[in-house]
Amino acid sequence: MAEKRDYYEVLGVSKTADDAEIKKAFRALAKKYHPDMHPGDKECEEKFKEAQEAYAILSDAEKRKQYDRFGHSAFDGTGGAGGFDFSGMDMSDIFGDIFGDFFGGGSRRRGNDGPMKGSNLRTSVRISFNEAVFGCTKEIEMVLKDQCNTCHGSGAKPGTSPETCTKCGGRGKVVFTQQSFFGTVQNVQSCPDCNGTGKIVKDKCPDCRGTGYISSKKKIQVTIPAGIDNGQSVRIREKGEPGINGGPRGDLLVEVVVSRHPNLQRQDMNIYSTAPITFAQAALGGEIRINTVDGDVLYEVKPGTQTDTKIRLKGKGVPSLRNKDVRGDHYVTLIVQTPTGLNSEAKDLLRQFDALTGGSLNRTGEGQETTEKGKKKKGFMDKLKETFEDM
């Protein structure tokens, strides 16, 4: 038979550890190795039993004293203190607190006498691409509960009062005992008769029908911050379910759904788009308009620009949620459009262009002919540009 490990080593605590440290160490090991979390895993089962045994000894002041003096022999019948029977150990406190939900009882919970915050509510709102970039205010309509003015939240008919639940004695919870793999376990559940309220309403309020609350539609203003992204939520404090026993209301979480933009795409704080340019603009350069969230901006295309050239418009992206003065950038991919439906004149010009560009194309205007009045005669490139820009 394998030699038992030192109990302090099993729990991972020092020999000077206090009761709180020992209990905390066992809780961590119990959660990690509990057999219900690892069905069929013999190694986890053995480690859990080992930790349970160590905790049973070290959590008891007298048994810990015997163990410190005699070691394992104090409880195996060979030492001076005599053996110890683990089957009588009551660990309902720690099992009921940690593992109640494993056995269908739910975790322990406080009584219903203290104030409790109400549950949160969730809804969604749709906004445009630009509204997400710059922020906006939206009005939504929600059905919210408010305390009934007739019974003031008691749920009882005026002139009557709720009665104390006889099943739980007004505590709102019941304790039940259940046999588990490791012995008897006590668990705490919400009382099924009063649903955890501790009160039974026999004569119900005619207005709220015993619930204590009246539901009504309300309009709520939602402030959407600049820079919010699709799927993120805005929290509105205390617009959720009413609290219990004087507790605060829960919150309203509004998920933002951002509509697609026909031309712009977003990734984090940056915006991406494409912009078409003509063949002449790509070859000769020129000014184009680019649509951004701030409106159209003018950009000077460089001569000889190739298709799929990417340019950056600094600070034309999405503001940061933390600081609206900090913005991302707008990246634009320039797409050169190949002309179609050419007339005979345009085709002739392109053939001339193709012949000329067999060498270096002279764009300086040197050697251009002049008219009789001394003005420069329109050259080939001027005609080519005009032809494509008029198409």
# chains A, B, ... in the order shown; residues from 1 in each chain; ligands from 1
call {"tool": "residues_around", "arguments": {"residues": "stretch 215-221 of chain A", "least_positions_apart": "3", "cutoff": "10 Å", "atoms": "only C-alpha atoms", "output": "VMD selection string"}}
result
chain A and resid 137 to 148 208 224 236 239
call {"tool": "residues_around", "arguments": {"residues": "stretch 308-315 of chain A", "least_positions_apart": "4", "cutoff": "6 Å", "atoms": "only C-alpha atoms", "output": "mmCIF file with N, CA and C atoms, in the first residue's frame"}}
result
data_model
loop_
_atom_site.group_PDB
_atom_site.id
_atom_site.type_symbol
_atom_site.label_atom_id
_atom_site.label_comp_id
_atom_site.auth_asym_id
_atom_site.auth_seq_id
_atom_site.Cartn_x
_atom_site.Cartn_y
_atom_site.Cartn_z
ATOM 1 N N ARG A 327 -8.657 59.784 -33.241
ATOM 2 C CA ARG A 327 -9.369 59.089 -34.305
ATOM 3 C C ARG A 327 -8.429 58.198 -35.112
ATOM 4 N N GLY A 328 -9.027 57.161 -35.705
ATOM 5 C CA GLY A 328 -8.273 56.300 -36.606
ATOM 6 C C GLY A 328 -8.118 56.960 -37.966
ATOM 7 N N ASP A 329 -7.714 56.192 -38.962
ATOM 8 C CA ASP A 329 -7.473 56.724 -40.302
ATOM 9 C C ASP A 329 -8.438 56.094 -41.312
ATOM 10 N N HIS A 330 -8.495 56.719 -42.484
ATOM 11 C CA HIS A 330 -9.319 56.212 -43.584
ATOM 12 C C HIS A 330 -8.364 55.782 -44.698
ATOM 13 N N TYR A 331 -8.411 54.505 -45.052
ATOM 14 C CA TYR A 331 -7.550 53.961 -46.096
ATOM 15 C C TYR A 331 -8.381 53.749 -47.361
ATOM 16 N N VAL A 332 -7.862 54.293 -48.491
ATOM 17 C CA VAL A 332 -8.592 54.246 -49.754
ATOM 18 C C VAL A 332 -7.760 53.499 -50.786
ATOM 19 N N THR A 333 -8.381 52.544 -51.453
ATOM 20 C CA THR A 333 -7.734 51.828 -52.544
ATOM 21 C C THR A 333 -8.206 52.427 -53.872
ATOM 22 N N LEU A 334 -7.262 52.934 -54.659
ATOM 23 C CA LEU A 334 -7.591 53.554 -55.947
ATOM 24 C C LEU A 334 -7.708 52.474 -57.021
ATOM 25 N N ILE A 335 -8.803 52.497 -57.744
ATOM 26 C CA ILE A 335 -9.064 51.509 -58.786
ATOM 27 C C ILE A 335 -9.118 52.226 -60.133
#
call {"tool": "atom_distance", "arguments": {"atom1": "atom CA of A:Asp268", "atom2": "atom CA of A:Ile228"}}
result
9.6 Å
call {"tool": "closest_atom_pairs", "arguments": {"of": "stretch 307-337 of chain A", "to": "stretch 133-136 of chain A", "cutoff": "10 Å", "atoms": "only C-alpha atoms", "output": "JSON lines"}}
result
{"residue": "A:Gly317", "atom": "CA", "partner": "A:Val133", "partner_atom": "CA", "distance": 8.2}
{"residue": "A:Val318", "atom": "CA", "partner": "A:Val133", "partner_atom": "CA", "distance": 5.5}
{"residue": "A:Pro319", "atom": "CA", "partner": "A:Val133", "partner_atom": "CA", "distance": 6.6}
{"residue": "A:Ser320", "atom": "CA", "partner": "A:Val133", "partner_atom": "CA", "distance": 9.3}
{"residue": "A:Leu321", "atom": "CA", "partner": "A:Val133", "partner_atom": "CA", "distance": 9.7}
{"residue": "A:Lys324", "atom": "CA", "partner": "A:Phe134", "partner_atom": "CA", "distance": 8.6}
{"residue": "A:Arg327", "atom": "CA", "partner": "A:Val133", "partner_atom": "CA", "distance": 9.8}
call {"tool": "write_last_selection", "arguments": {"atoms": "C-alpha atoms", "output": "PDB file, in the first residue's frame"}}
result
ATOM      1  CA  GLY A 317     -11.423  57.254 -39.184  1.00  0.00           C
ATOM      2  CA  VAL A 318     -13.473  56.359 -36.090  1.00  0.00           C
ATOM      3  CA  PRO A 319     -13.036  58.150 -32.737  1.00  0.00           C
ATOM      4  CA  SER A 320     -11.792  56.220 -29.727  1.00  0.00           C
ATOM      5  CA  LEU A 321     -14.492  55.328 -27.183  1.00  0.00           C
ATOM      6  CA  LYS A 324     -13.310  61.142 -28.971  1.00  0.00           C
ATOM      7  CA  ARG A 327      -9.369  59.089 -34.305  1.00  0.00           C
TER       8      ARG A 327
END
call {"tool": "residues_around", "arguments": {"residues": "A:Cys191", "least_positions_apart": "2", "cutoff": "12 Å", "atoms": "only C-alpha atoms", "output": "list in words"}}
result
Gly105, Gly106, Arg109, Gly111, Asn112, Cys165, Thr166, Lys167, Cys168, Gly169, Gly170, Arg171, Gly172, Lys173, Val174, Val175, Phe176, Val188, Gln189, Asp193, Cys194, Asn195, Gly196, Thr197, Gly198, Lys199 and Ile200 of chain A
call {"tool": "residues_around", "arguments": {"residues": "A:Asn263", "least_positions_apart": "4", "cutoff": "9 Å", "atoms": "only C-alpha atoms", "output": "PyMOL selection string"}}
result
chain A and resi 272-274+291
call {"tool": "write_last_selection", "arguments": {"atoms": "N, CA and C atoms", "output": "mmCIF file, in the first residue's frame"}}
result
data_model
loop_
_atom_site.group_PDB
_atom_site.id
_atom_site.type_symbol
_atom_site.label_atom_id
_atom_site.label_comp_id
_atom_site.auth_asym_id
_atom_site.auth_seq_id
_atom_site.Cartn_x
_atom_site.Cartn_y
_atom_site.Cartn_z
ATOM 1 N N TYR A 272 -12.219 51.758 -44.325
ATOM 2 C CA TYR A 272 -11.657 51.343 -45.608
ATOM 3 C C TYR A 272 -12.694 51.555 -46.717
ATOM 4 N N SER A 273 -12.195 51.964 -47.884
ATOM 5 C CA SER A 273 -13.087 52.142 -49.032
ATOM 6 C C SER A 273 -12.259 52.076 -50.312
ATOM 7 N N THR A 274 -12.947 52.126 -51.453
ATOM 8 C CA THR A 274 -12.287 52.191 -52.762
ATOM 9 C C THR A 274 -12.750 53.445 -53.485
ATOM 10 N N ASN A 291 -15.215 60.225 -50.804
ATOM 11 C CA ASN A 291 -16.262 60.312 -49.789
ATOM 12 C C ASN A 291 -15.759 59.770 -48.457
#
call {"tool": "select_by_dssp", "arguments": {"residues": "stretch 82-325 of chain A", "states": "alpha helix (DSSP H)", "output": "ChimeraX atom specification"}}
result
/A:92-98,129-134,279-284
call {"tool": "atom_distance", "arguments": {"atom1": "atom CA of A:Gly240", "atom2": "atom CA of A:Asn120"}}
result
4.9 Å
